[in-house]
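**Q** Okay, handing you the structure first.
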Amino acid sequence: MKALRAILAFLVGSTLALAPAMKFIRYTHHNALAPAPISYIAIAAVLGVVFSILGGYAAARIAPQTPHGAGDAIIFFILAMACLSLYNSPGREHWLQFIAILLMTPSVYLGNRLAS
(Lines give C-alpha, C1' and ligand atoms only; values in the text may rest on other atoms or scores of the structure.)
Protein backbone atom coordinates (compact mmCIF):
# COMPACT_ATOMS: atom_id res chain seq x y z
CA MET A 1 0.00 0.00 0.00
CA LYS A 2 2.90 2.32 0.79
CA ALA A 3 4.40 1.85 -2.69
CA LEU A 4 1.04 2.35 -4.37
CA ARG A 5 0.51 5.64 -2.56
CA ALA A 6 4.01 6.77 -3.52
CA ILE A 7 3.34 5.98 -7.19
CA LEU A 8 -0.02 7.74 -7.03
CA ALA A 9 1.63 10.74 -5.35
CA PHE A 10 4.21 10.93 -8.14
CA LEU A 11 1.56 10.70 -10.87
CA VAL A 12 -0.78 13.25 -9.33
CA GLY A 13 2.00 15.64 -8.33
CA SER A 14 3.80 15.57 -11.67
CA THR A 15 0.55 15.97 -13.60
CA LEU A 16 -0.47 18.87 -11.41
CA ALA A 17 2.97 20.47 -11.77
CA LEU A 18 3.35 20.09 -15.53
CA ALA A 19 -0.11 20.03 -17.10
CA PRO A 20 -1.24 23.68 -16.63
CA ALA A 21 1.81 25.23 -18.32
CA MET A 22 1.69 22.64 -21.11
CA LYS A 23 -2.04 23.24 -21.65
CA PHE A 24 -1.45 27.00 -21.74
CA ILE A 25 1.15 26.57 -24.48
CA ARG A 26 -1.05 24.15 -26.40
CA TYR A 27 -4.22 26.25 -26.23
CA THR A 28 -2.41 29.40 -27.32
CA HIS A 29 -0.97 27.47 -30.31
CA HIS A 30 2.57 28.59 -29.55
CA ASN A 31 5.61 26.48 -30.35
CA ALA A 32 7.54 26.03 -27.10
CA LEU A 33 10.81 25.94 -29.06
CA ALA A 34 10.13 29.20 -30.90
CA PRO A 35 10.89 32.73 -29.71
CA ALA A 36 8.20 34.18 -27.46
CA PRO A 37 7.43 37.64 -26.09
CA ILE A 38 8.52 38.26 -22.51
CA SER A 39 4.90 38.58 -21.34
CA TYR A 40 4.13 35.10 -22.70
CA ILE A 41 7.21 33.66 -21.00
CA ALA A 42 6.23 35.37 -17.74
CA ILE A 43 2.72 33.88 -17.81
CA ALA A 44 4.11 30.41 -18.51
CA ALA A 45 6.64 30.84 -15.68
CA VAL A 46 4.02 31.96 -13.16
CA LEU A 47 1.75 29.05 -14.10
CA GLY A 48 4.68 26.67 -13.82
CA VAL A 49 5.77 27.94 -10.41
CA VAL A 50 2.31 28.09 -8.83
CA PHE A 51 1.26 24.65 -10.01
CA SER A 52 4.66 23.13 -9.22
CA ILE A 53 4.24 24.25 -5.62
CA LEU A 54 0.78 22.69 -5.60
CA GLY A 55 2.10 19.50 -7.22
CA GLY A 56 4.84 19.11 -4.63
CA TYR A 57 2.38 19.81 -1.83
CA ALA A 58 -0.15 17.30 -3.17
CA ALA A 59 2.52 14.61 -3.57
CA ALA A 60 3.57 14.99 0.06
CA ARG A 61 -0.04 14.84 1.27
CA ILE A 62 -0.95 11.78 -0.81
CA ALA A 63 2.07 9.77 0.40
CA PRO A 64 2.66 10.88 4.00
CA GLN A 65 4.99 7.93 4.75
CA THR A 66 7.36 8.94 1.92
CA PRO A 67 6.69 12.64 1.28
CA HIS A 68 10.21 13.55 0.24
CA GLY A 69 10.55 10.53 -2.03
CA ALA A 70 7.52 11.51 -4.10
CA GLY A 71 8.67 15.12 -4.36
CA ASP A 72 12.21 14.13 -5.28
CA ALA A 73 10.88 11.80 -7.97
CA ILE A 74 8.88 14.68 -9.49
CA ILE A 75 11.96 16.91 -9.40
CA PHE A 76 14.06 14.24 -11.10
CA PHE A 77 11.36 13.70 -13.74
CA ILE A 78 11.11 17.42 -14.55
CA LEU A 79 14.90 17.75 -14.73
CA ALA A 80 15.26 14.65 -16.91
CA MET A 81 12.58 15.77 -19.37
CA ALA A 82 13.95 19.33 -19.58
CA CYS A 83 17.52 18.09 -20.13
CA LEU A 84 16.33 15.60 -22.75
CA SER A 85 14.47 18.37 -24.54
CA LEU A 86 17.56 20.61 -24.40
CA TYR A 87 19.67 17.84 -25.88
CA ASN A 88 17.18 16.99 -28.65
CA SER A 89 16.57 20.56 -29.83
CA PRO A 90 19.92 22.23 -30.58
CA GLY A 91 19.75 25.67 -32.13
CA ARG A 92 16.19 26.33 -30.94
CA GLU A 93 14.82 28.57 -28.21
CA HIS A 94 15.00 26.97 -24.77
CA TRP A 95 13.04 29.33 -22.57
CA LEU A 96 10.59 26.63 -21.46
CA GLN A 97 13.35 24.23 -20.47
CA PHE A 98 15.08 26.91 -18.41
CA ILE A 99 11.80 27.73 -16.66
CA ALA A 100 11.47 24.04 -15.79
CA ILE A 101 15.04 23.71 -14.54
CA LEU A 102 15.47 27.04 -12.75
CA LEU A 103 11.96 27.75 -11.45
CA MET A 104 9.74 24.68 -11.44
CA THR A 105 12.09 22.23 -9.74
CA PRO A 106 12.74 24.50 -6.74
CA SER A 107 8.99 25.17 -6.59
CA VAL A 108 8.21 21.44 -6.36
CA TYR A 109 10.83 21.18 -3.60
CA LEU A 110 9.27 24.12 -1.73
CA GLY A 111 5.73 22.76 -2.01
CA ASN A 112 6.89 19.33 -0.92
CA ARG A 113 8.70 20.67 2.13
CA LEU A 114 5.79 22.96 3.08
CA ALA A 115 3.50 19.94 3.33
CA SER A 116 5.84 17.80 5.42
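Going through the C-alpha coordinates in order, the chains are called A, B, and so on, while each chain numbers its residues from 1 and the ligands are numbered from 1 in the order shown.
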Using only C-alpha atoms, which protein or nucleic acid residues come within 9 Å of A:Trp95? Drop anything in the same chain fewer than 6 positions from it, and give the result as a PyMOL selection string.
**A** chain A and resi 32-36+41
**Q** Using only C-alpha atoms, what table do you get, as a Markdown table, when you list each residue of stretch 40-68 of chain A with an atom no more than 6 Å from stretch 1-13 of chain A, its nearest pair of atoms, and their distance in Å rounded to one decimal, rows by chain then rising number?
**A**
```
| residue | atom | partner | partner_atom | distance |
| --- | --- | --- | --- | --- |
| A:Gly55 | CA | A:Gly13 | CA | 4.0 |
| A:Gly56 | CA | A:Gly13 | CA | 5.8 |
| A:Ala58 | CA | A:Gly13 | CA | 5.8 |
| A:Ala59 | CA | A:Ala9 | CA | 4.4 |
| A:Ile62 | CA | A:Ala9 | CA | 5.3 |
| A:Ala63 | CA | A:Ala6 | CA | 5.3 |
```
**Q** Residues near A:Leu110, anyone? I mean within 9 Å using only C-alpha atoms, not counting same-chain ones fewer than 5 positions away, as an NGL selection string.
**A** :A and (52-53 or 56-57 or 105 or 115)
**Q** For N, CA and C atoms, I'd like the residues from the last selection saved as a CSV table (one decimal), in the first residue's frame.
**A**
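Once everything was written out, this is selection-v9.csv:
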```csv
chain,number,residue,atom,x,y,z
A,52,SER,N,3.6,24.0,-9.7
A,52,SER,CA,4.7,23.1,-9.2
A,52,SER,C,4.6,23.1,-7.7
A,53,ILE,N,4.4,24.2,-7.1
A,53,ILE,CA,4.2,24.2,-5.6
A,53,ILE,C,3.1,23.4,-5.2
A,56,GLY,N,4.0,19.6,-5.7
A,56,GLY,CA,4.8,19.1,-4.6
A,56,GLY,C,4.1,18.9,-3.3
A,57,TYR,N,3.2,19.9,-3.0
A,57,TYR,CA,2.4,19.8,-1.8
A,57,TYR,C,1.4,18.6,-1.9
A,105,THR,N,11.5,23.2,-10.7
A,105,THR,CA,12.1,22.2,-9.7
A,105,THR,C,12.2,22.8,-8.3
A,115,ALA,N,4.5,20.9,2.9
A,115,ALA,CA,3.5,19.9,3.3
A,115,ALA,C,4.0,19.0,4.4
```
**Q** Looking only at the backbone, which of the residues in chain A does DSSP tag as alpha helix (DSSP H), as a PyMOL selection string?
**A** chain A and resi 2-27+38-62+67-88+95-99+105-115
**Q** When you draw a straight line from atom CA of A:Leu103 to atom CA of A:Leu84, how long is it in Å?
**A** 17.2 Å
**Q** Extract, using only C-alpha atoms, all DNA, RNA and protein residues at most 12 Å from A:Val49, discarding same-chain residues fewer than 3 positions from it, and format them as a list in words.
**A**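 Result of the neighbour search: Leu16, Ala17, Leu18, Ala19, Pro20, Ala21, Ala42, Ile43, Ala44, Ala45, Val46, Ser52, Ile53, Leu54, Gly55, Gly56, Ile99, Ala100, Ile101, Leu102, Leu103, Met104, Thr105, Pro106, Ser107, Val108, Tyr109, Leu110 and Gly111 of chain A.
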**Q** Rank A:Ser116, A:Gln97, A:Gly91, A:Ala80 by their smallest atom-to-atom distance to A:Thr66, using only C-alpha atoms, and report the top residue only.
**A**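 Selected residue with least distance to A:Thr66: A:Ser116.
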**Q** What does the structure give for the distance between atom CA of A:Tyr27 and atom CA of A:Tyr87, in Å to one decimal?
**A**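 These atoms are spaced 25.3 Å apart.
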**Q** Env of A:Ala60: 6 Å cut, atoms = only C-alpha atoms, seq-sep filter 4 positions within chain, self excluded. Answer as a JSON list (two decimals) with N, CA, C and O atoms, in the first residue's frame.
**A**
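File produced: out-v8.json:
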```json
[["chain", "number", "residue", "atom", "x", "y", "z"],
["A", 64, "PRO", "N", 2.06, 10.32, 2.79],
["A", 64, "PRO", "CA", 2.66, 10.88, 4.00],
["A", 64, "PRO", "C", 3.81, 10.05, 4.56],
["A", 64, "PRO", "O", 4.65, 10.59, 5.28],
["A", 67, "PRO", "N", 6.98, 11.37, 1.95],
["A", 67, "PRO", "CA", 6.69, 12.64, 1.28],
["A", 67, "PRO", "C", 7.86, 13.17, 0.46],
["A", 67, "PRO", "O", 7.66, 13.69, -0.63],
["A", 112, "ASN", "N", 6.74, 20.60, -1.60],
["A", 112, "ASN", "CA", 6.89, 19.33, -0.92],
["A", 112, "ASN", "C", 7.31, 19.52, 0.53],
["A", 112, "ASN", "O", 6.82, 18.85, 1.42],
["A", 115, "ALA", "N", 4.51, 20.89, 2.91],
["A", 115, "ALA", "CA", 3.50, 19.94, 3.33],
["A", 115, "ALA", "C", 4.01, 18.99, 4.41],
["A", 115, "ALA", "O", 3.23, 18.41, 5.15]]
```
